[in-house]
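Text of the file model-v2.cif, holding mmCIF, C-alpha atoms:
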data_protein
loop_
_atom_site.label_atom_id
_atom_site.label_comp_id
_atom_site.auth_asym_id
_atom_site.auth_seq_id
_atom_site.Cartn_x
_atom_site.Cartn_y
_atom_site.Cartn_z
CA MET Q 778 12.20 -8.31 -4.53
CA LYS Q 779 9.19 -9.67 -2.62
CA ILE Q 780 5.86 -7.95 -2.20
CA THR Q 781 4.83 -8.36 1.40
CA LYS Q 782 3.69 -4.84 2.23
CA MET Q 783 1.46 -2.64 0.07
CA LEU Q 784 0.51 1.01 0.43
CA PHE Q 785 -3.08 1.66 -0.67
CA VAL Q 786 -3.69 5.36 -1.26
CA SER Q 787 -7.33 6.41 -1.37
CA GLU Q 788 -9.14 9.69 -1.50
CA PHE Q 789 -12.45 7.83 -1.33
CA GLU Q 790 -13.39 9.10 -4.75
CA GLU Q 791 -11.45 6.68 -6.92
CA LEU Q 792 -10.41 3.57 -5.01
CA TRP Q 793 -12.71 1.63 -2.71
CA LEU Q 794 -12.80 -1.72 -0.97
CA ASP Q 795 -13.61 -3.66 -4.17
CA ALA Q 796 -10.40 -2.36 -5.75
CA LEU Q 797 -8.47 -3.39 -2.66
CA GLN Q 798 -10.03 -6.84 -2.61
CA SER Q 799 -9.23 -7.38 -6.27
CA LEU Q 800 -5.56 -7.12 -5.27
CA MET Q 801 -5.76 -9.88 -2.68
CA GLY Q 802 -4.50 -12.37 -5.27
CA LEU Q 803 -1.12 -10.92 -4.29
CA ARG Q 804 -1.34 -12.91 -1.06
CA LYS Q 805 -0.25 -15.90 -3.14
CA ALA Q 806 2.92 -13.96 -3.88
CA GLY Q 807 3.54 -13.15 -0.21
CA LEU Q 808 1.46 -10.04 0.49
CA ASN Q 809 0.53 -9.97 4.18
CA HIS Q 810 0.39 -6.32 5.18
CA VAL Q 811 -1.71 -3.45 3.78
CA VAL Q 812 -1.16 0.15 4.82
CA PHE Q 813 -3.95 2.64 4.07
CA LEU Q 814 -3.15 6.25 3.37
CA HIS Q 815 -5.63 9.09 3.09
CA VAL Q 816 -4.27 12.57 2.49
CA ILE Q 817 -6.48 15.49 3.48
CA HIS Q 818 -5.50 18.27 1.12
CA ARG Q 819 -4.09 21.23 2.96
CA GLU Q 820 -6.39 23.70 1.22
CA LYS Q 821 -9.45 21.92 2.65
CA VAL Q 822 -8.50 22.91 6.18
CA ALA Q 823 -6.13 25.81 5.62
CA MET Q 824 -6.40 29.19 7.32
CA LYS Q 825 -9.07 31.40 5.84
CA ARG Q 826 -9.63 35.07 6.48
CA GLY Q 827 -12.13 35.48 9.28
CA THR Q 828 -12.24 31.79 10.24
CA GLY Q 829 -8.61 30.85 10.94
CA TYR Q 830 -7.52 27.21 10.74
CA LEU Q 831 -10.51 24.92 10.13
CA LYS Q 832 -9.92 22.60 13.06
CA GLN Q 833 -13.50 21.37 13.14
CA GLU Q 834 -13.34 20.54 9.41
CA GLU Q 835 -10.08 18.67 9.95
CA ARG Q 836 -11.66 16.65 12.75
CA LYS Q 837 -14.66 15.81 10.54
CA LEU Q 838 -12.50 14.73 7.58
CA ARG Q 839 -10.27 12.62 9.82
CA GLU Q 840 -13.30 10.95 11.37
CA ILE Q 841 -14.81 10.15 7.96
CA ALA Q 842 -11.55 8.59 6.78
CA ASP Q 843 -11.17 6.70 10.05
CA ILE Q 844 -14.66 5.17 9.80
CA ARG Q 845 -14.00 4.03 6.23
CA PHE Q 846 -10.58 2.61 6.98
CA ILE Q 847 -11.87 0.72 10.02
CA ASP Q 848 -14.51 -0.94 7.86
CA TRP Q 849 -11.91 -1.95 5.27
CA ALA Q 850 -9.44 -3.03 7.94
CA GLU Q 851 -12.01 -5.26 9.63
CA THR Q 852 -12.47 -7.17 6.37
CA LEU Q 853 -8.72 -7.72 6.00
CA PHE Q 854 -8.02 -8.44 9.68
CA GLU Q 855 -10.59 -11.23 9.62
CA GLU Q 856 -8.67 -12.80 6.72
CA GLY Q 857 -5.50 -12.81 8.82
CA MET Q 858 -3.89 -9.81 7.14
CA GLU Q 859 -1.91 -7.15 8.98
CA VAL Q 860 -3.33 -3.64 8.43
CA GLY Q 861 -2.15 -0.14 9.25
CA ALA Q 862 -3.52 3.32 8.49
CA HIS Q 863 -2.30 6.88 8.07
CA ILE Q 864 -4.62 9.86 7.84
CA VAL Q 865 -2.50 12.94 7.23
CA ILE Q 866 -2.79 16.54 6.11
CA GLY Q 867 -0.63 17.88 3.31
CA ASN Q 868 0.16 17.36 -0.36
CA THR Q 869 -0.46 13.92 -1.80
CA VAL Q 870 2.86 13.05 -3.45
CA PRO Q 871 5.19 14.13 -0.60
CA LYS Q 872 2.96 12.29 1.89
CA ILE Q 873 2.95 9.12 -0.24
CA LEU Q 874 6.75 9.31 -0.37
CA SER Q 875 7.17 9.83 3.36
CA VAL Q 876 4.77 7.04 4.37
CA THR Q 877 6.40 4.72 1.80
CA GLU Q 878 9.77 5.40 3.42
CA ASP Q 879 8.46 5.20 6.97
CA GLU Q 880 6.59 1.93 6.50
CA GLY Q 881 9.04 0.30 4.08
CA VAL Q 882 6.35 -0.77 1.59
CA ASP Q 883 7.12 -2.84 -1.51
CA LEU Q 884 4.31 -1.54 -3.72
CA ILE Q 885 2.33 1.70 -3.93
CA VAL Q 886 -1.25 1.43 -5.22
CA THR Q 887 -2.88 4.67 -6.25
CA ALA Q 888 -5.42 6.03 -8.70
CA ARG Q 889 -4.49 8.35 -11.53
CA ARG Q 890 -4.16 11.81 -10.06
CA LYS Q 891 -4.69 15.10 -11.85
CA ARG Q 892 -3.95 18.65 -10.87
CA GLY Q 893 -5.46 21.94 -11.98
CA LYS Q 894 -4.77 22.77 -15.67
CA LEU Q 895 -2.26 25.53 -14.96
CA GLU Q 896 -0.45 23.51 -12.30
CA GLU Q 897 -0.28 20.50 -14.65
CA LEU Q 898 1.24 22.64 -17.35
CA TYR Q 899 4.14 23.58 -15.08
CA ALA Q 900 4.46 20.62 -12.76
CA GLY Q 901 2.84 17.73 -14.68
CA SER Q 902 0.23 15.48 -13.12
CA GLU Q 903 0.58 14.06 -9.61
CA THR Q 904 0.92 10.60 -11.16
CA SER Q 905 3.97 11.67 -13.21
CA ASP Q 906 5.37 13.49 -10.21
CA LEU Q 907 5.08 10.34 -8.09
CA LEU Q 908 6.62 8.13 -10.78
CA ARG Q 909 9.54 10.54 -11.10
CA ARG Q 910 10.22 10.71 -7.40
CA THR Q 911 9.75 7.20 -6.07
CA VAL Q 912 12.03 4.17 -6.39
CA LYS Q 913 9.20 1.84 -5.39
CA PRO Q 914 6.93 0.12 -7.92
CA VAL Q 915 3.65 1.97 -8.42
CA LEU Q 916 0.39 0.41 -9.52
CA ILE Q 917 -1.82 3.02 -11.16
CA TYR Q 918 -5.23 1.57 -10.67
CA ASN Q 919 -8.43 3.09 -11.91
CA TYR Q 920 -11.97 2.03 -12.31
CA LEU Q 921 -12.54 1.37 -15.96
CA SER Q 922 -14.07 4.66 -16.97
CA GLN Q 923 -17.10 3.24 -18.77
CA SER Q 924 -18.23 0.49 -16.46
CA GLY Q 925 -17.11 1.87 -13.09
CA LYS Q 926 -15.89 -1.61 -12.18
CA VAL Q 927 -12.56 -3.15 -11.42
CA GLY Q 928 -11.32 -6.42 -12.84
CA GLU Q 929 -11.38 -9.41 -10.53
CA ASN Q 930 -7.61 -9.81 -10.36
CA PRO Q 931 -5.42 -7.37 -12.29
CA PHE Q 932 -2.38 -9.59 -11.73
CA GLU Q 933 -3.90 -12.52 -13.62
CA ARG Q 934 -2.66 -11.74 -17.16
CA LEU Q 935 0.23 -9.35 -17.56
CA LEU Q 936 1.62 -7.56 -20.57
CA LEU Q 937 5.28 -7.10 -19.82
CA GLY Q 938 6.82 -4.33 -21.93
CA LEU Q 939 10.60 -4.62 -22.24
CA ASP Q 940 13.02 -2.20 -23.91
CA TRP Q 941 16.21 -4.10 -22.92
CA SER Q 942 17.35 -1.31 -20.59
CA VAL Q 943 18.62 -1.91 -17.05
CA SER Q 944 15.13 -1.13 -15.78
CA SER Q 945 13.82 -4.02 -17.91
CA GLU Q 946 15.85 -6.42 -15.78
CA ARG Q 947 14.33 -4.94 -12.65
CA VAL Q 948 10.84 -5.31 -14.12
CA LEU Q 949 11.51 -8.95 -14.91
CA ASP Q 950 12.76 -9.57 -11.36
CA TYR Q 951 9.61 -7.96 -10.04
CA VAL Q 952 7.36 -10.13 -12.20
CA LEU Q 953 9.26 -13.23 -11.08
CA ALA Q 954 8.48 -12.21 -7.48
CA LEU Q 955 4.78 -12.26 -8.37
CA LYS Q 956 4.87 -16.00 -8.88
CA GLY Q 957 1.67 -17.55 -7.61
CA ALA Q 958 -0.41 -14.45 -8.30
CA VAL Q 959 0.09 -14.40 -12.09
CA LYS Q 960 -1.42 -16.86 -14.57
CA ARG Q 961 0.05 -15.66 -17.84
CA VAL Q 962 2.66 -13.18 -19.06
CA ASP Q 963 2.72 -11.78 -22.60
CA ILE Q 964 6.12 -10.22 -23.20
CA ILE Q 965 6.31 -7.45 -25.75
CA HIS Q 966 9.10 -5.47 -27.35
CA VAL Q 967 8.28 -2.68 -29.78
CA LEU Q 968 10.64 -1.86 -32.64
CA SER Q 969 10.38 1.64 -34.07
CA GLU Q 970 9.44 2.01 -37.74
CA LYS Q 971 12.22 4.57 -38.02
CA ALA Q 972 14.89 2.04 -37.01
CA ILE Q 973 13.65 -0.51 -39.52
CA GLY Q 974 13.12 2.00 -42.35
CA LYS Q 975 16.82 2.77 -42.70
CA LEU Q 976 17.86 -0.88 -42.97
CA SER Q 977 18.12 -3.25 -45.91
CA LYS Q 978 15.77 -6.24 -45.91
CA LYS Q 979 18.54 -8.52 -44.69
CA GLU Q 980 19.54 -6.12 -41.90
CA ALA Q 981 15.91 -5.73 -40.85
CA GLN Q 982 15.47 -9.50 -40.70
CA LYS Q 983 18.64 -9.78 -38.65
CA LEU Q 984 17.37 -7.15 -36.22
CA GLU Q 985 14.05 -8.92 -35.96
CA ARG Q 986 15.81 -12.22 -35.25
CA GLU Q 987 17.96 -10.62 -32.51
CA HIS Q 988 14.96 -9.16 -30.71
CA LYS Q 989 12.99 -12.40 -31.02
CA LYS Q 990 15.95 -14.24 -29.52
CA ARG Q 991 16.00 -11.87 -26.56
CA LEU Q 992 12.26 -12.19 -26.12
CA ASN Q 993 12.56 -15.98 -26.16
CA GLU Q 994 15.31 -15.83 -23.55
CA VAL Q 995 13.02 -13.85 -21.22
CA CYS Q 996 10.25 -16.28 -22.00
CA ASP Q 997 12.51 -19.19 -21.01
CA VAL Q 998 13.36 -17.54 -17.68
CA LEU Q 999 9.66 -17.17 -16.90
CA THR Q 1000 8.77 -20.65 -18.14
CA GLN Q 1001 11.45 -22.17 -15.92
CA GLU Q 1002 9.67 -20.50 -13.00
CA ARG Q 1003 6.41 -22.06 -14.23
CA PHE Q 1004 4.82 -18.96 -15.69
CA ASP Q 1005 2.77 -19.34 -18.85
CA ALA Q 1006 4.78 -16.87 -20.99
CA ARG Q 1007 4.50 -15.82 -24.67
CA PRO Q 1008 6.81 -13.51 -26.65
CA HIS Q 1009 5.57 -10.82 -29.05
CA LEU Q 1010 7.51 -8.47 -31.31
CA TYR Q 1011 5.56 -5.41 -32.44
CA ILE Q 1012 6.54 -2.53 -34.64
CA GLY Q 1013 5.46 1.11 -34.56
CA ASN Q 1014 4.87 3.77 -31.93
CA THR Q 1015 5.70 2.20 -28.56
CA GLU Q 1016 2.81 3.63 -26.59
CA GLU Q 1017 0.26 2.76 -29.28
CA GLN Q 1018 1.62 -0.73 -29.85
CA ILE Q 1019 1.64 -1.57 -26.15
CA GLY Q 1020 -2.00 -0.51 -26.00
CA LYS Q 1021 -2.71 -2.67 -29.04
CA GLY Q 1022 -0.85 -5.64 -27.56
CA ALA Q 1023 -2.78 -5.29 -24.32
CA SER Q 1024 -6.05 -5.42 -26.17
CA GLU Q 1025 -5.08 -8.25 -28.55
CA HIS Q 1026 -3.88 -10.51 -25.76
CA ARG Q 1027 -6.67 -9.51 -23.38
CA VAL Q 1028 -4.32 -8.76 -20.55
CA THR Q 1029 -5.50 -7.47 -17.20
CA MET Q 1030 -2.53 -5.23 -16.50
CA ILE Q 1031 0.47 -3.62 -18.23
CA VAL Q 1032 3.88 -3.80 -16.54
CA LEU Q 1033 6.64 -1.40 -17.55
CA GLY Q 1034 9.90 -0.02 -16.26
CA THR Q 1035 11.06 3.58 -16.23
CA ARG Q 1036 14.47 4.91 -17.02
CA SER Q 1037 15.93 7.49 -14.66
CA LYS Q 1038 15.66 10.53 -16.90
CA SER Q 1039 15.92 14.02 -15.52
CA VAL Q 1040 12.63 15.85 -15.03
CA TRP Q 1041 13.23 18.20 -17.98
CA LYS Q 1042 14.52 15.52 -20.31
CA GLU Q 1043 11.51 13.41 -19.52
CA ARG Q 1044 9.08 16.27 -20.04
CA TRP Q 1045 10.52 17.10 -23.44
CA SER Q 1046 11.32 13.66 -24.77
CA GLY Q 1047 8.39 11.95 -23.12
CA SER Q 1048 8.20 8.63 -21.32
CA VAL Q 1049 6.13 5.67 -22.48
CA SER Q 1050 5.43 4.45 -18.97
CA HIS Q 1051 4.35 7.90 -17.78
CA ALA Q 1052 2.20 8.44 -20.88
CA LEU Q 1053 0.48 5.08 -20.44
CA ALA Q 1054 0.06 5.72 -16.73
CA GLU Q 1055 -1.80 8.90 -17.65
CA ARG Q 1056 -3.99 7.45 -20.37
CA SER Q 1057 -4.43 3.68 -20.21
CA GLU Q 1058 -7.73 2.29 -19.04
CA LEU Q 1059 -5.99 -0.84 -17.84
CA PRO Q 1060 -4.09 -0.87 -14.56
CA ILE Q 1061 -0.41 -0.08 -15.08
CA LEU Q 1062 2.39 -1.33 -12.87
CA VAL Q 1063 5.44 0.91 -13.24
CA VAL Q 1064 8.73 -0.34 -11.85
CA PRO Q 1065 11.10 2.62 -11.59
CA ALA Q 1066 14.83 2.63 -12.02
CA GLU Q 1067 16.52 1.73 -8.74
CA THR Q 1068 18.09 5.12 -8.15
CA LYS Q 1069 16.75 8.61 -8.72
CA MET I 1187 5.09 2.98 43.82
CA ALA I 1188 2.49 3.80 41.14
CA LYS I 1189 1.70 1.03 38.69
CA LYS I 1190 2.80 1.59 35.11
CA VAL I 1191 0.25 1.45 32.30
CA LEU I 1192 1.38 1.45 28.69
CA ASN I 1193 -1.06 3.09 26.29
CA VAL I 1194 -0.44 2.16 22.65
CA GLU I 1195 -2.51 4.51 20.52
CA ASP I 1196 -1.87 6.52 17.35
CA ASP I 1197 -4.57 9.15 17.90
CA VAL I 1198 -3.24 12.10 19.91
CA ASP I 1199 -6.62 13.02 21.40
CA THR I 1200 -7.25 9.50 22.67
CA ARG I 1201 -3.69 9.28 24.03
CA THR I 1202 -4.25 12.50 25.97
CA PHE I 1203 -7.64 11.30 27.23
CA VAL I 1204 -6.27 7.94 28.44
CA SER I 1205 -3.22 9.60 30.05
CA THR I 1206 -5.46 11.96 31.97
CA VAL I 1207 -7.63 9.09 33.24
CA LEU I 1208 -4.52 7.15 34.26
CA GLU I 1209 -2.90 10.05 36.10
CA LYS I 1210 -6.13 10.99 37.88
CA ASN I 1211 -6.41 7.44 39.15
CA GLY I 1212 -2.85 7.21 40.41
CA TYR I 1213 -1.22 5.23 37.60
CA THR I 1214 1.91 6.19 35.66
CA PRO I 1215 1.17 6.44 31.93
CA ILE I 1216 3.72 5.32 29.35
CA LEU I 1217 2.87 6.24 25.80
CA ALA I 1218 3.55 4.63 22.42
CA LYS I 1219 2.08 5.63 19.07
CA ASP I 1220 2.17 2.30 17.23
CA GLY I 1221 2.70 -1.40 17.83
CA GLU I 1222 6.40 -1.30 17.01
CA GLU I 1223 7.09 1.41 19.58
CA GLY I 1224 4.70 -0.36 21.94
CA MET I 1225 6.72 -3.61 21.86
CA ARG I 1226 9.90 -1.63 22.44
CA LYS I 1227 8.37 0.13 25.46
CA VAL I 1228 7.13 -3.21 26.84
CA GLY I 1229 10.73 -4.44 26.81
CA GLU I 1230 12.13 -1.25 28.35
CA GLU I 1231 9.46 -0.44 30.92
CA ARG I 1232 7.81 -3.76 31.82
CA PRO I 1233 4.37 -2.18 32.35
CA ASP I 1234 1.80 -3.66 34.76
CA LEU I 1235 -0.95 -3.32 32.15
CA ILE I 1236 -1.32 -2.39 28.48
CA ILE I 1237 -4.16 -0.42 26.90
CA LEU I 1238 -4.03 -1.25 23.21
CA ASP I 1239 -5.60 0.28 20.11
CA ILE I 1240 -5.88 -1.82 16.92
CA LEU I 1241 -5.63 0.19 13.70
CA MET I 1242 -2.27 1.96 13.86
CA PRO I 1243 0.68 2.60 11.54
CA LYS I 1244 3.67 0.23 11.35
CA GLN I 1245 2.26 -2.52 13.57
CA SER I 1246 -1.37 -3.10 14.46
CA GLY I 1247 -2.71 -3.89 17.91
CA ILE I 1248 -3.81 -7.27 16.55
CA LYS I 1249 -0.25 -8.29 15.75
CA MET I 1250 1.13 -6.74 18.94
CA TYR I 1251 -1.46 -8.59 21.04
CA HIS I 1252 -0.56 -11.85 19.34
CA GLU I 1253 3.14 -11.25 19.93
CA LEU I 1254 2.54 -10.44 23.60
CA LYS I 1255 0.40 -13.49 24.23
CA THR I 1256 2.73 -15.91 22.46
CA ASP I 1257 5.83 -14.67 24.33
CA PRO I 1258 6.20 -16.65 27.58
CA SER I 1259 7.90 -13.70 29.32
CA LEU I 1260 5.14 -11.21 28.37
CA LYS I 1261 1.96 -13.25 28.14
CA ASP I 1262 0.90 -12.54 31.74
CA ILE I 1263 0.77 -8.76 31.30
CA PRO I 1264 -2.95 -7.90 31.31
CA VAL I 1265 -4.25 -6.16 28.19
CA ILE I 1266 -7.29 -3.93 27.71
CA MET I 1267 -8.22 -3.48 24.07
CA LEU I 1268 -9.56 0.01 23.34
CA SER I 1269 -10.54 0.38 19.71
CA ALA I 1270 -13.21 1.28 17.18
CA VAL I 1271 -12.60 -2.13 15.57
CA SER I 1272 -15.26 -4.57 16.76
CA LYS I 1273 -14.51 -7.34 19.27
CA ARG I 1274 -15.86 -9.87 16.77
CA THR I 1275 -13.24 -8.82 14.21
CA PHE I 1276 -10.52 -8.90 16.86
CA LEU I 1277 -11.38 -12.46 17.91
CA ARG I 1278 -11.66 -13.63 14.30
CA SER I 1279 -8.32 -12.09 13.44
CA GLN I 1280 -6.67 -13.90 16.35
CA GLU I 1281 -8.22 -17.14 15.10
CA ALA I 1282 -6.91 -16.39 11.60
CA LEU I 1283 -3.40 -15.84 12.98
CA THR I 1284 -3.67 -19.12 14.89
CA GLU I 1285 -4.64 -20.90 11.67
CA PHE I 1286 -1.28 -19.92 10.23
CA GLY I 1287 0.46 -22.11 12.77
CA ASP I 1288 0.83 -19.98 15.87
CA GLU I 1289 -0.44 -21.13 19.25
CA THR I 1290 -3.90 -20.15 20.49
CA VAL I 1291 -4.07 -16.93 22.46
CA PRO I 1292 -6.45 -16.08 25.33
CA GLU I 1293 -8.98 -13.26 25.12
CA PRO I 1294 -7.93 -9.87 26.51
CA GLN I 1295 -8.83 -8.90 30.09
CA ALA I 1296 -11.32 -6.38 28.70
CA TYR I 1297 -12.48 -5.16 25.31
CA LEU I 1298 -13.71 -1.59 25.13
CA GLU I 1299 -15.12 -0.09 21.97
CA LYS I 1300 -14.44 3.62 21.44
CA PRO I 1301 -15.58 6.00 22.72
CA VAL I 1302 -15.20 5.01 26.36
CA GLU I 1303 -16.33 6.95 29.43
CA PRO I 1304 -13.52 7.88 31.85
CA GLU I 1305 -15.27 6.26 34.83
CA ASP I 1306 -15.75 2.98 32.89
CA LEU I 1307 -12.06 2.86 32.03
CA ALA I 1308 -11.08 3.74 35.61
CA GLU I 1309 -13.30 1.00 37.00
CA ILE I 1310 -11.84 -1.65 34.72
CA LEU I 1311 -8.32 -0.53 35.63
CA ARG I 1312 -9.20 -0.83 39.34
CA LYS I 1313 -10.67 -4.30 38.83
CA ILE I 1314 -7.54 -5.57 37.07
CA LEU I 1315 -4.78 -3.71 38.90
CA GLY I 1316 -6.44 -3.11 42.23
#

Exercise: express the given structure as structure tokens:
Amino acid sequence: MKITKMLFVSEFEELWLDALQSLMGLRKAGLNHVVFLHVIHREKVAMKRGTGYLKQEERKLREIADIRFIDWAETLFEEGMEVGAHIVIGNTVPKILSVTEDEGVDLIVTARRKRGKLEELYAGSETSDLLRRTVKPVLIYNYLSQSGKVGENPFERLLLGLDWSVSSERVLDYVLALKGAVKRVDIIHVLSEKAIGKLSKKEAQKLEREHKKRLNEVCDVLTQERFDARPHLYIGNTEEQIGKGASEHRVTMIVLGTRSKSVWKERWSGSVSHALAERSELPILVVPAETK
Amino acid sequence: MAKKVLNVEDDVDTRTFVSTVLEKNGYTPILAKDGEEGMRKVGEERPDLIILDILMPKQSGIKMYHELKTDPSLKDIPVIMLSAVSKRTFLRSQEALTEFGDETVPEPQAYLEKPVEPEDLAEILRKILG
């Protein structure tokens, strides 16, 4: 599971060259090819009564995107990177999926994407939609809302959230492939208060010991590969505790897996990775289940 | 027999423009929309000259140029770069690729920055292909 090719999706409102450059630490993990994608929303150029299809507007929007991508590409080309670009018209998520497939990328980088309130109520946000539909890892990357700045290297200190599911194994494999780009990994597992509450003291201690053992095993795997890794067992609401862990250990990014739930099941029962992807100020790397 | 010119370009309008210039000047255009398809067409068609864009999907013109010029059987095919990417960047990128262990590559026969006038392109084609 190597990361050699990355798709960088930009609408030129949320992700700029500084965000892209902050990801260049991934070159140490094998990244050598960046593909830019800009999606011109269909409604911006769609047929309108009295004017027809806005061909001139399409040409203008394509030209603007082209000028920006050429500037970014020049920076990367001069560093010996391979660069490609797609400027397409349509809906963001389907276009991300088709370019991902067409180019065979290993990582999708995108900002958090919202829809109109009514559309979100029925279809969820574009971010959740993308996470549901792709099998490729997605890095949800936003400017920190207060400062308007990106961190220097989001891959430097990771908080790796594990729930011991099959997707956890895939997340661990993915982190191992980031060797060279990552300085430290804090591994966290969150026990629910509910699970502990029903147990006797002895049983609770036993459960705690089991989870610590598993955390230490993961830690050993990472240490053998020369990562600086630390285990942490937290208790409480998973989403809240992961946020707390991220802040306590001053991580630069949260890494989580997703289970392959059905759309409806996920919408009713919720998903920690999707919820964090929607709300966290830190970048979130979501590694989906292998099949959808 | 008309000489074959491969135009590797992802933008439809530019592809059409270059094809028209080629046909008007008696050359046979062969078209490819990215570097990957371009390399395939080079193998299939053995063009007499290649007009190459840089920023394209799948494989860039920078990589394709490097591949052409480091392949003994293809390195003598003349190449005209036609791109909005600056020549300075192109040359630096070739240097960067060389730094990673590949052999040095020569400069292209011509480097044209977009947009290009049809008569300028035609003249360069005549100079190279006769």

Ile1061 in chain Q environment, 7 Å, all atoms listed in the file, sequence neighbours closer than 3 positions dropped, as a PyMOL selection string: chain Q and resi 916-918+1030-1032+1054

Expansion of the PyMOL selection byres ((chain Q) within 9 of (chain I)) into residues, as a PyMOL selection string: chain Q and resi 812-813+844+846-848+850-863+879-880

Using C-alpha atoms, can you write the selected residues to a file as a PDB file, keeping the file's coordinate frame?
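The result, stored in result-v6.pdb:
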ATOM      1  CA  VAL Q 812      -1.160   0.150   4.820  1.00  0.00           C
ATOM      2  CA  PHE Q 813      -3.950   2.640   4.070  1.00  0.00           C
ATOM      3  CA  ILE Q 844     -14.660   5.170   9.800  1.00  0.00           C
ATOM      4  CA  PHE Q 846     -10.580   2.610   6.980  1.00  0.00           C
ATOM      5  CA  ILE Q 847     -11.870   0.720  10.020  1.00  0.00           C
ATOM      6  CA  ASP Q 848     -14.510  -0.940   7.860  1.00  0.00           C
ATOM      7  CA  ALA Q 850      -9.440  -3.030   7.940  1.00  0.00           C
ATOM      8  CA  GLU Q 851     -12.010  -5.260   9.630  1.00  0.00           C
ATOM      9  CA  THR Q 852     -12.470  -7.170   6.370  1.00  0.00           C
ATOM     10  CA  LEU Q 853      -8.720  -7.720   6.000  1.00  0.00           C
ATOM     11  CA  PHE Q 854      -8.020  -8.440   9.680  1.00  0.00           C
ATOM     12  CA  GLU Q 855     -10.590 -11.230   9.620  1.00  0.00           C
ATOM     13  CA  GLU Q 856      -8.670 -12.800   6.720  1.00  0.00           C
ATOM     14  CA  GLY Q 857      -5.500 -12.810   8.820  1.00  0.00           C
ATOM     15  CA  MET Q 858      -3.890  -9.810   7.140  1.00  0.00           C
ATOM     16  CA  GLU Q 859      -1.910  -7.150   8.980  1.00  0.00           C
ATOM     17  CA  VAL Q 860      -3.330  -3.640   8.430  1.00  0.00           C
ATOM     18  CA  GLY Q 861      -2.150  -0.140   9.250  1.00  0.00           C
ATOM     19  CA  ALA Q 862      -3.520   3.320   8.490  1.00  0.00           C
ATOM     20  CA  HIS Q 863      -2.300   6.880   8.070  1.00  0.00           C
ATOM     21  CA  ASP Q 879       8.460   5.200   6.970  1.00  0.00           C
ATOM     22  CA  GLU Q 880       6.590   1.930   6.500  1.00  0.00           C
TER      23      GLU Q 880
END

Val886 in chain Q environment, 9 Å, all atoms listed in the file, sequence neighbours closer than 6 positions dropped, as a ChimeraX atom specification: /Q:783-787,914-918,1062

Nearby residues, (-11.0, -6.4, 33.4) file frame, 6 Å, all atoms listed in the file, as an MDAnalysis selection string: chainID I and resid 1295:1296 1310 1313:1314

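A cut-off of 9 Å from the point (9.0, 4.2, -6.6), with only C-alpha atoms, picks out the residues Leu874, Thr877, Asp883, Leu884, Ile885, Leu907, Leu908, Arg909, Arg910, Thr911, Val912, Lys913, Pro914, Val915, Val1063, Val1064, Pro1065, Ala1066 and Glu1067 of chain Q.
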
Write out as a CSV table (one decimal) with C-alpha atoms, keeping the file's coordinate frame each polymer residue whose atoms come within 8 Å of range 952-963 of chain Q, counting only C-alpha atoms; drop sequence neighbours fewer than 3 positions from it.
chain,number,residue,atom,x,y,z
Q,778,MET,CA,12.2,-8.3,-4.5
Q,779,LYS,CA,9.2,-9.7,-2.6
Q,780,ILE,CA,5.9,-8.0,-2.2
Q,802,GLY,CA,-4.5,-12.4,-5.3
Q,803,LEU,CA,-1.1,-10.9,-4.3
Q,804,ARG,CA,-1.3,-12.9,-1.1
Q,805,LYS,CA,-0.2,-15.9,-3.1
Q,806,ALA,CA,2.9,-14.0,-3.9
Q,932,PHE,CA,-2.4,-9.6,-11.7
Q,933,GLU,CA,-3.9,-12.5,-13.6
Q,934,ARG,CA,-2.7,-11.7,-17.2
Q,935,LEU,CA,0.2,-9.4,-17.6
Q,936,LEU,CA,1.6,-7.6,-20.6
Q,937,LEU,CA,5.3,-7.1,-19.8
Q,948,VAL,CA,10.8,-5.3,-14.1
Q,949,LEU,CA,11.5,-9.0,-14.9
Q,999,LEU,CA,9.7,-17.2,-16.9
Q,1002,GLU,CA,9.7,-20.5,-13.0
Q,1004,PHE,CA,4.8,-19.0,-15.7
Q,1005,ASP,CA,2.8,-19.3,-18.8
Q,1006,ALA,CA,4.8,-16.9,-21.0
Q,1007,ARG,CA,4.5,-15.8,-24.7
Q,1008,PRO,CA,6.8,-13.5,-26.6
Q,1009,HIS,CA,5.6,-10.8,-29.0
Q,1026,HIS,CA,-3.9,-10.5,-25.8
Q,1028,VAL,CA,-4.3,-8.8,-20.6

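Between CA of Leu1217 in chain I and CA of Val1194 in chain I the separation is 6.1 Å.
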
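Here the PyMOL selection byres ((chain I and resi 1262) around 12) matches the residues Arg1232, Pro1233, Asp1234, Leu1235, Ile1236, Tyr1251, Leu1254, Lys1255, Thr1256, Asp1257, Pro1258, Ser1259, Leu1260, Lys1261, Ile1263, Pro1264, Val1265, Val1291, Pro1292, Glu1293, Pro1294 and Gln1295 of chain I.
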
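CA of Ile1237 in chain I to CA of Leu1192 in chain I spans 6.1 Å [interatomic distance, one decimal].
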